[in-house]
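File shown here: coords-v8.tsv, holding TSV, C-alpha atoms and all ligand atoms.
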```tsv
chain	number	residue	atom	x	y	z
T	1	MET	CA	89.80	148.07	27.52
T	2	LEU	CA	87.63	145.20	28.50
T	3	LEU	CA	84.59	144.03	26.64
T	4	ALA	CA	81.44	143.73	28.69
T	5	SER	CA	81.26	140.06	27.80
T	6	GLU	CA	84.77	139.55	29.20
T	7	ALA	CA	83.95	141.48	32.33
T	8	GLN	CA	80.89	139.32	32.69
T	9	THR	CA	83.01	136.19	32.45
T	10	ALA	CA	85.43	137.59	35.01
T	11	GLY	CA	82.61	138.46	37.37
T	12	ALA	CA	79.51	136.31	37.23
T	13	GLU	CA	79.68	133.07	35.36
T	14	SER	CA	78.85	133.66	31.73
T	15	PRO	CA	75.16	133.26	30.97
T	16	CYS	CA	74.26	129.61	30.86
T	17	PRO	CA	73.69	128.38	27.29
T	18	THR	CA	70.44	126.87	28.47
T	19	THR	CA	69.14	130.31	29.41
T	20	THR	CA	67.47	132.48	26.81
T	21	VAL	CA	66.48	135.99	27.72
T	22	SER	CA	64.15	138.38	25.95
T	23	ALA	CA	65.13	142.06	25.95
T	24	ILE	CA	68.41	141.23	27.65
T	25	PRO	CA	70.00	144.20	29.47
T	26	LYS	CA	73.26	145.22	27.78
T	27	PHE	CA	76.05	146.72	29.84
T	28	GLU	CA	78.50	149.45	28.82
T	29	ARG	CA	81.24	147.69	26.84
T	30	HIS	CA	84.31	149.61	27.95
T	31	ASP	CA	85.38	149.20	31.53
T	32	GLU	CA	88.79	150.57	32.48
T	33	PHE	CA	87.68	150.42	36.09
T	34	PHE	CA	87.42	146.63	36.13
T	35	VAL	CA	90.67	146.19	34.18
T	36	ALA	CA	92.52	148.25	36.80
T	37	LEU	CA	90.83	146.45	39.68
T	38	LYS	CA	91.44	142.99	38.28
T	39	ASN	CA	95.12	143.79	37.75
T	40	ARG	CA	95.42	144.84	41.40
T	41	VAL	CA	93.68	141.72	42.65
T	42	ASP	CA	95.85	139.51	40.42
T	43	GLN	CA	98.91	141.32	41.79
T	44	TYR	CA	97.75	140.68	45.34
T	45	PHE	CA	97.71	136.94	44.74
T	46	GLN	CA	101.07	137.02	42.93
T	47	GLN	CA	102.77	139.05	45.65
T	48	THR	CA	101.37	137.09	48.58
T	49	GLY	CA	101.70	133.71	46.89
T	50	LYS	CA	98.22	132.86	48.11
T	51	SER	CA	95.88	130.74	46.04
T	52	PRO	CA	92.45	132.18	45.15
T	53	ARG	CA	90.97	128.73	45.79
T	54	ASP	CA	91.83	125.58	47.77
T	55	CYS	CA	92.49	127.47	51.01
T	56	TRP	CA	93.16	125.23	54.01
T	57	GLN	CA	90.84	127.43	56.09
T	58	MET	CA	87.93	126.34	53.91
T	59	TYR	CA	88.53	122.65	54.54
T	60	VAL	CA	88.72	123.24	58.30
T	61	LYS	CA	85.61	125.42	58.14
T	62	THR	CA	83.72	122.78	56.18
T	63	CYS	CA	84.55	120.15	58.82
T	64	VAL	CA	83.45	122.46	61.66
T	65	ILE	CA	80.14	123.35	59.98
T	66	LEU	CA	79.33	119.76	59.02
T	67	CYS	CA	80.04	118.59	62.60
T	68	TRP	CA	77.79	121.40	63.86
T	69	PHE	CA	75.08	120.33	61.40
T	70	PHE	CA	75.18	116.56	62.02
T	71	GLY	CA	75.61	117.08	65.79
T	72	SER	CA	72.51	119.31	65.99
T	73	TYR	CA	70.53	116.90	63.80
T	74	ALA	CA	71.53	113.86	65.86
T	75	PHE	CA	70.68	115.64	69.11
T	76	LEU	CA	67.21	116.63	67.85
T	77	VAL	CA	66.41	113.15	66.49
T	78	PHE	CA	68.01	110.93	69.13
T	79	GLY	CA	68.37	113.24	72.15
T	80	PRO	CA	65.99	113.87	75.05
T	81	VAL	CA	62.70	115.59	74.20
T	82	SER	CA	62.03	118.72	76.22
T	83	TRP	CA	61.17	122.16	74.92
T	84	TRP	CA	64.13	123.85	76.60
T	85	THR	CA	66.58	121.66	74.69
T	86	VAL	CA	64.60	121.33	71.46
T	87	VAL	CA	64.18	125.08	70.86
T	88	PRO	CA	67.91	125.99	71.05
T	89	ALA	CA	68.86	122.80	69.18
T	90	SER	CA	66.39	123.73	66.41
T	91	ALA	CA	67.95	127.19	66.20
T	92	LEU	CA	71.43	125.63	66.05
T	93	LEU	CA	70.40	123.25	63.27
T	94	GLY	CA	68.71	126.05	61.28
T	95	LEU	CA	71.83	128.21	61.60
T	96	ALA	CA	74.06	125.27	60.63
T	97	MET	CA	71.96	124.74	57.48
T	98	ALA	CA	72.29	128.43	56.65
T	99	ALA	CA	76.07	128.21	57.26
T	100	ILE	CA	76.33	125.28	54.83
T	101	GLY	CA	74.57	127.43	52.25
T	102	PHE	CA	76.67	130.54	52.88
T	103	SER	CA	80.10	128.97	53.19
T	104	ILE	CA	80.19	125.56	51.48
T	105	GLN	CA	77.48	125.33	48.83
T	106	HIS	CA	77.81	128.94	47.67
T	107	ASP	CA	81.58	128.80	47.05
T	108	GLY	CA	81.28	125.37	45.45
T	109	SER	CA	78.50	126.46	43.13
T	110	HIS	CA	80.57	129.49	41.99
T	111	ARG	CA	83.62	127.22	41.51
T	112	GLY	CA	85.36	129.36	44.10
T	113	TYR	CA	86.05	126.54	46.56
T	114	SER	CA	88.67	124.61	44.62
T	115	LYS	CA	90.45	124.32	41.29
T	116	HIS	CA	89.17	120.73	41.19
T	117	SER	CA	85.69	120.56	39.68
T	118	ILE	CA	84.76	117.44	41.67
T	119	VAL	CA	85.41	119.32	44.96
T	120	ASN	CA	83.26	122.24	43.78
T	121	ARG	CA	80.56	119.82	42.69
T	122	LEU	CA	80.52	118.03	46.04
T	123	ALA	CA	80.34	121.35	47.88
T	124	ALA	CA	77.53	122.57	45.61
T	125	ILE	CA	75.36	119.47	46.06
T	126	SER	CA	75.41	119.94	49.82
T	127	LEU	CA	72.30	122.01	48.99
T	128	ASP	CA	70.53	118.90	47.66
T	129	MET	CA	71.20	117.25	51.04
T	130	LEU	CA	69.28	120.18	52.60
T	131	GLY	CA	66.29	119.74	50.27
T	132	GLY	CA	67.08	122.45	47.70
T	133	SER	CA	68.13	121.78	44.10
T	134	SER	CA	71.74	122.74	43.32
T	135	TYR	CA	70.82	122.59	39.61
T	136	TYR	CA	68.16	125.30	39.83
T	137	TRP	CA	70.05	127.31	42.42
T	138	ALA	CA	73.09	127.59	40.12
T	139	ARG	CA	70.93	128.97	37.32
T	140	LYS	CA	68.85	131.24	39.51
T	141	HIS	CA	71.78	132.61	41.50
T	142	ASN	CA	75.06	132.23	39.56
T	143	VAL	CA	73.61	133.22	36.22
T	144	ILE	CA	70.43	135.25	36.67
T	145	HIS	CA	71.04	137.06	39.97
T	146	HIS	CA	74.77	137.64	39.43
T	147	THR	CA	74.26	138.94	35.89
T	148	TYR	CA	71.24	141.17	36.55
T	149	PRO	CA	71.28	142.13	40.26
T	150	ASN	CA	68.41	144.47	41.16
T	151	ILE	CA	67.16	144.76	37.56
T	152	THR	CA	63.41	144.46	37.96
T	153	GLY	CA	61.91	141.75	35.78
T	154	HIS	CA	65.24	139.94	35.45
T	155	ASP	CA	66.62	139.39	38.96
T	156	ASP	CA	64.37	136.70	40.39
T	157	ASP	CA	65.73	137.30	43.91
T	158	ILE	CA	63.83	140.57	44.23
T	159	GLU	CA	60.52	139.08	43.05
T	160	LEU	CA	58.17	138.39	45.95
T	161	GLY	CA	54.99	138.42	43.86
T	162	LEU	CA	52.07	140.15	45.52
T	163	LEU	CA	53.55	139.60	48.98
T	164	GLY	CA	56.20	142.30	48.82
T	165	ARG	CA	57.59	145.22	46.85
T	166	LEU	CA	61.38	145.41	46.95
T	167	SER	CA	61.98	147.58	43.87
T	168	PRO	CA	60.54	150.99	42.97
T	169	HIS	CA	59.75	149.55	39.52
T	170	GLN	CA	57.40	146.89	40.89
T	171	LYS	CA	53.66	147.30	41.05
T	172	HIS	CA	52.29	148.52	44.37
T	173	ILE	CA	49.24	147.07	46.11
T	174	GLY	CA	47.65	148.13	49.39
T	175	ILE	CA	49.05	145.36	51.59
T	176	HIS	CA	52.61	146.53	50.86
T	177	ARG	CA	52.00	149.40	53.28
T	178	LEU	CA	52.50	146.86	56.07
T	179	GLN	CA	55.37	144.90	54.50
T	180	HIS	CA	58.00	146.34	56.84
T	181	PHE	CA	56.17	144.46	59.61
T	182	TYR	CA	55.04	141.18	58.08
T	183	LEU	CA	57.86	140.34	55.61
T	184	TRP	CA	60.27	139.49	58.46
T	185	PHE	CA	57.91	136.68	59.45
T	186	LEU	CA	57.45	135.46	55.87
T	187	TYR	CA	61.25	135.28	55.41
T	188	GLY	CA	61.05	132.30	57.75
T	189	PHE	CA	59.22	130.26	55.11
T	190	ILE	CA	61.68	130.75	52.25
T	191	ALA	CA	63.49	127.43	52.81
T	192	ILE	CA	60.22	125.47	52.91
T	193	LYS	CA	59.14	127.20	49.70
T	194	TRP	CA	62.37	126.13	47.96
T	195	GLN	CA	62.13	122.57	49.23
T	196	PHE	CA	58.50	121.90	48.30
T	197	TYR	CA	57.45	124.49	45.70
T	198	ASP	CA	60.03	126.56	43.79
T	199	ASP	CA	62.20	123.73	42.44
T	200	PHE	CA	59.16	121.73	41.23
T	201	ARG	CA	57.54	124.86	39.76
T	202	ASP	CA	60.72	125.68	37.82
T	203	LEU	CA	60.99	122.06	36.67
T	204	LEU	CA	57.39	122.05	35.38
T	205	ARG	CA	57.59	125.49	33.76
T	206	GLY	CA	61.05	125.09	32.25
T	207	ARG	CA	61.94	128.63	33.25
T	208	ILE	CA	62.87	130.86	36.17
T	209	GLY	CA	60.96	134.13	35.93
T	210	VAL	CA	61.38	135.35	32.34
T	211	HIS	CA	64.48	133.20	31.78
T	212	SER	CA	64.06	129.85	30.04
T	213	VAL	CA	66.04	127.06	31.68
T	214	VAL	CA	66.53	123.57	30.22
T	215	ARG	CA	65.20	120.92	32.58
T	216	PRO	CA	67.77	118.71	34.32
T	217	ARG	CA	68.57	115.44	32.53
T	218	GLY	CA	70.66	112.35	33.22
T	219	GLN	CA	73.01	112.83	36.17
T	220	GLU	CA	71.54	116.26	36.98
T	221	LEU	CA	68.02	114.82	37.16
T	222	ALA	CA	69.26	111.92	39.30
T	223	ILE	CA	70.86	114.37	41.77
T	224	PHE	CA	67.62	116.39	41.84
T	225	VAL	CA	65.49	113.32	42.64
T	226	VAL	CA	67.94	111.65	45.06
T	227	GLY	CA	68.46	114.98	46.87
T	228	LYS	CA	64.74	115.49	47.43
T	229	LEU	CA	64.32	111.85	48.57
T	230	PHE	CA	67.36	112.05	50.89
T	231	PHE	CA	65.94	115.18	52.47
T	232	LEU	CA	62.53	113.57	52.98
T	233	VAL	CA	64.06	110.44	54.52
T	234	MET	CA	66.43	112.32	56.87
T	235	GLY	CA	64.12	115.25	57.61
T	236	VAL	CA	60.82	113.40	57.91
T	237	ALA	CA	60.94	109.57	57.77
T	238	VAL	CA	63.76	108.96	60.28
T	239	PRO	CA	62.42	111.46	62.88
T	240	LEU	CA	58.93	109.90	62.49
T	241	MET	CA	60.30	106.54	63.60
T	242	LEU	CA	61.11	108.04	67.01
T	243	HIS	CA	58.68	110.94	67.49
T	244	SER	CA	55.03	111.84	66.92
T	245	TRP	CA	54.01	113.58	63.66
T	246	TRP	CA	53.27	116.87	65.38
T	247	GLU	CA	56.66	116.92	67.11
T	248	VAL	CA	58.39	116.30	63.79
T	249	LEU	CA	56.29	118.97	62.07
T	250	ALA	CA	56.92	121.53	64.82
T	251	VAL	CA	60.69	120.97	64.81
T	252	TYR	CA	60.82	121.01	60.99
T	253	MET	CA	58.95	124.33	60.92
T	254	GLY	CA	61.16	125.76	63.67
T	255	VAL	CA	64.45	124.69	62.03
T	256	SER	CA	63.29	125.96	58.61
T	257	PHE	CA	62.18	129.24	60.14
T	258	PHE	CA	65.61	129.96	61.68
T	259	GLN	CA	67.27	128.94	58.41
T	260	GLY	CA	64.94	131.03	56.24
T	261	VAL	CA	65.15	134.22	58.29
T	262	THR	CA	68.95	134.01	58.39
T	263	LEU	CA	69.35	133.40	54.65
T	264	SER	CA	66.84	136.11	53.73
T	265	ILE	CA	68.26	138.82	55.96
T	266	VAL	CA	71.82	138.35	54.67
T	267	PHE	CA	70.59	138.63	51.08
T	268	GLN	CA	68.33	141.60	51.75
T	269	MET	CA	71.00	143.57	53.57
T	270	ALA	CA	73.24	143.29	50.50
T	271	HIS	CA	70.75	144.40	47.86
T	272	CYS	CA	67.49	145.71	49.34
T	273	VAL	CA	68.62	148.70	51.38
T	274	GLU	CA	68.46	152.45	50.86
T	275	GLU	CA	71.97	152.73	49.39
T	276	ALA	CA	71.47	150.08	46.67
T	277	ALA	CA	70.41	151.19	43.19
T	278	PHE	CA	67.66	149.60	41.10
T	279	PRO	CA	68.62	150.72	37.58
T	280	MET	CA	66.62	149.72	34.53
T	281	PRO	CA	67.71	149.25	30.91
T	282	GLU	CA	66.61	151.62	28.18
T	283	THR	CA	63.28	150.33	26.94
T	284	ALA	CA	64.11	150.19	23.26
T	285	SER	CA	67.77	149.18	23.25
T	286	GLY	CA	68.12	147.33	26.55
T	287	ARG	CA	71.23	149.39	27.25
T	288	MET	CA	72.32	149.91	30.84
T	289	ALA	CA	73.97	153.17	31.93
T	290	SER	CA	76.91	151.42	33.62
T	291	SER	CA	79.44	148.73	32.85
T	292	PHE	CA	78.87	145.26	34.25
T	293	ALA	CA	81.33	145.69	37.13
T	294	VAL	CA	80.08	149.16	38.09
T	295	HIS	CA	76.50	147.86	38.02
T	296	GLN	CA	77.48	145.17	40.55
T	297	ILE	CA	78.86	147.83	42.90
T	298	GLU	CA	75.94	150.24	42.49
T	299	THR	CA	73.39	147.53	43.31
T	300	THR	CA	75.25	145.99	46.24
T	301	VAL	CA	76.09	147.08	49.79
T	302	ASP	CA	78.64	145.60	52.22
T	303	PHE	CA	77.97	145.44	55.95
T	304	ALA	CA	79.79	144.91	59.25
T	305	PRO	CA	83.28	144.57	57.70
T	306	ASP	CA	85.02	144.40	61.08
T	307	ASN	CA	82.82	141.67	62.53
T	308	LYS	CA	85.01	138.60	62.01
T	309	LEU	CA	82.63	136.13	63.63
T	310	LEU	CA	79.73	137.31	61.46
T	311	SER	CA	81.96	137.24	58.40
T	312	TRP	CA	82.96	133.64	59.18
T	313	PHE	CA	79.33	132.60	59.64
T	314	VAL	CA	77.93	134.28	56.51
T	315	GLY	CA	80.71	132.99	54.27
T	316	GLY	CA	82.12	136.46	53.61
T	317	LEU	CA	78.79	137.62	52.21
T	318	ASN	CA	78.99	140.78	54.30
T	319	TYR	CA	81.63	141.61	51.63
T	320	GLN	CA	78.95	141.20	49.00
T	321	ILE	CA	80.50	143.79	46.62
T	322	GLU	CA	83.74	141.79	46.51
T	323	HIS	CA	81.72	138.62	45.99
T	324	HIS	CA	79.79	140.08	43.05
T	325	LEU	CA	83.01	141.28	41.42
T	326	PHE	CA	84.99	138.09	42.03
T	327	PRO	CA	82.60	135.19	42.72
T	328	GLN	CA	85.20	132.63	41.66
T	329	ILE	CA	87.61	133.74	44.38
T	330	CYS	CA	87.15	131.89	47.69
T	331	HIS	CA	85.35	134.05	50.25
T	332	ILE	CA	88.27	133.67	52.68
T	333	HIS	CA	90.05	136.41	50.67
T	334	TYR	CA	87.26	139.03	50.49
T	335	ARG	CA	88.44	140.95	53.55
T	336	ALA	CA	91.95	141.27	52.12
T	337	ILE	CA	90.89	142.42	48.65
T	338	SER	CA	88.26	144.83	49.99
T	339	PRO	CA	90.74	147.78	50.35
T	340	LEU	CA	91.79	147.28	46.70
T	341	VAL	CA	88.16	147.51	45.61
T	342	LYS	CA	87.56	150.59	47.77
T	343	GLN	CA	90.70	152.34	46.53
T	344	THR	CA	89.89	151.64	42.87
T	345	CYS	CA	86.32	152.85	43.38
T	346	GLN	CA	87.65	156.12	44.83
T	347	GLU	CA	90.02	156.64	41.90
T	348	PHE	CA	87.32	156.02	39.29
T	349	GLY	CA	84.55	157.91	41.10
T	350	VAL	CA	82.43	154.84	41.77
T	351	ARG	CA	80.43	154.96	44.98
T	352	TYR	CA	81.29	152.09	47.33
T	353	ASN	CA	78.42	151.51	49.76
T	354	MET	CA	78.87	149.99	53.17
T	355	HIS	CA	77.14	149.77	56.53
T	356	ARG	CA	79.71	149.75	59.32
T	357	SER	CA	77.57	147.47	61.49
T	358	PHE	CA	75.06	144.66	61.12
T	359	ARG	CA	72.50	146.74	62.98
T	360	SER	CA	72.74	149.73	60.65
T	361	GLY	CA	72.31	147.45	57.62
T	362	LEU	CA	69.28	145.83	59.21
T	363	ALA	CA	67.75	149.23	60.01
T	364	SER	CA	68.32	150.34	56.42
T	365	HIS	CA	66.50	147.27	55.12
T	366	TYR	CA	63.58	148.05	57.44
T	367	ARG	CA	63.41	151.64	56.14
T	368	TRP	CA	63.66	150.43	52.54
T	369	LEU	CA	60.71	148.07	53.05
T	370	ARG	CA	58.70	150.89	54.62
T	371	ARG	CA	59.58	153.24	51.76
T	372	MET	CA	58.69	150.69	49.06
T	373	GLY	CA	55.42	150.06	50.87
T	374	LEU	CA	54.29	153.59	50.11
T	375	ALA	CA	52.46	153.80	46.78
T	376	GLU	CA	54.28	156.90	45.64
T	377	ALA	CA	57.77	155.71	46.66
T	378	GLN	CA	60.46	155.63	43.98
T	401	ZN	ZN	76.86	134.39	44.73
```

Would you mind giving the structure from this file in structure tokens?
Amino acid sequence: MLLASEAQTAGAESPCPTTTVSAIPKFERHDEFFVALKNRVDQYFQQTGKSPRDCWQMYVKTCVILCWFFGSYAFLVFGPVSWWTVVPASALLGLAMAAIGFSIQHDGSHRGYSKHSIVNRLAAISLDMLGGSSYYWARKHNVIHHTYPNITGHDDDIELGLLGRLSPHQKHIGIHRLQHFYLWFLYGFIAIKWQFYDDFRDLLRGRIGVHSVVRPRGQELAIFVVGKLFFLVMGVAVPLMLHSWWEVLAVYMGVSFFQGVTLSIVFQMAHCVEEAAFPMPETASGRMASSFAVHQIETTVDFAPDNKLLSWFVGGLNYQIEHHLFPQICHIHYRAISPLVKQTCQEFGVRYNMHRSFRSGLASHYRWLRRMGLAEAQ
């Protein structure tokens, strides 16, 4: 038997001590399913002799993505100015920034990149180089999202305010009837919102959604400030020395748009589709119907498992179920442990949701948005 708190430690990082939660959802304590699954995954690593972290493929991948990123940036800043080169170069830079987030920063932040904390730290702060705060991201994503995925009022990733309704438990307003059309466009602004609004809002409020978060201090605060300044210098000041303000603004908006749409779609296809559940805790007790591990599977959907190029680009996040169960295992291994997860799900009667292709996952997200846009939809 595994206690829910142990399962939580094995899956998402344990709740950050700086985070206090009111009416915290409580998961079913006994979880034979996760014990069996974890044994099988441990056996896989013992039998193959592979290491869950510090995979050589990750170091090669990091070099490729960083070359892609700096090459695209240098071309846009120092290369010839013509729309037919700037548009594809902006797309390449936006995709490179998304790839850094998916494959380098994400694994580092979950401590899934390496057994050495300094390597994980360096990988995680690649986000600060891109204008986002690794401090707030770790609390918002590693702790809040990974502990409470798709629980309305707790998972900040499904909160779009008045602009969108992603959960049947969220309030409906008239404009949501059109959200399956306009949200795709708004996804393009998510990176800009992080860079210039969300991090500062969270810093001023001292909380993310309903979860209190201690403000960064000392080294953490220094990284926050230096990261924002570095981003402004590289993203704005240096380009302004060589180009007009409107050219810099247009390219910044274009790059951020490609980055934002890419990041948003990969997240939405994992959690905001027809097959994903949006369970709520019992009002009085806060109890959830499932164990922690089963909740992760019920609220998450894999997509395009056979698309190796996509899998490489999105940092294995098309295997989002495997990621939610084992976030501290490097994403390089998700494809290999996926059959173990599927088999254990079958044996324990847990539904394992997957879209065979990227297109079917995308279509499901579209239909989910349309369904949630209807006032009566549940
Ligand atoms: Zn994650």

Practice prompt. Pick out the residues sitting within 9 Å of Val248 (chain T), and hand them over as JSON, numbers by chain; count all atoms listed in the file, and ignore anything fewer than 5 positions along from it in its own chain.
Written response: {"T": [235, 236, 239, 240, 243, 253]}

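Minimum distance to Glu275 (chain T) across T:Val261, T:Met354, T:Ala91, T:Leu127 (counting all atoms listed in the file) occurs at T:Met354.
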
Find the nearest atom pair between each residue of chain T and ligand ZN 401 (chain T) for residues within 7 Å, count only C-alpha atoms and all ligand atoms, give distances in Å to one decimal, sort rows by chain and ascending number, and present the table as a Markdown table.
```
| residue | atom | partner | partner_atom | distance |
| --- | --- | --- | --- | --- |
| T:His106 | CA | T:ZN401 | ZN | 6.3 |
| T:His110 | CA | T:ZN401 | ZN | 6.7 |
| T:His141 | CA | T:ZN401 | ZN | 6.3 |
| T:Asn142 | CA | T:ZN401 | ZN | 5.9 |
| T:His146 | CA | T:ZN401 | ZN | 6.6 |
| T:His323 | CA | T:ZN401 | ZN | 6.6 |
| T:His324 | CA | T:ZN401 | ZN | 6.6 |
| T:Pro327 | CA | T:ZN401 | ZN | 6.1 |
```

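Nearest residue to Ile24 (chain T) among T:Gly112, T:Pro339, T:Gly286, T:Pro305 is T:Gly286, counting all atoms listed in the file.
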
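Remark: for Gln296 (chain T), the closest of the candidate residues T:Ala277, T:Ile337, T:Leu374, T:Cys63 is T:Ala277 (distances computed over only C-alpha atoms).
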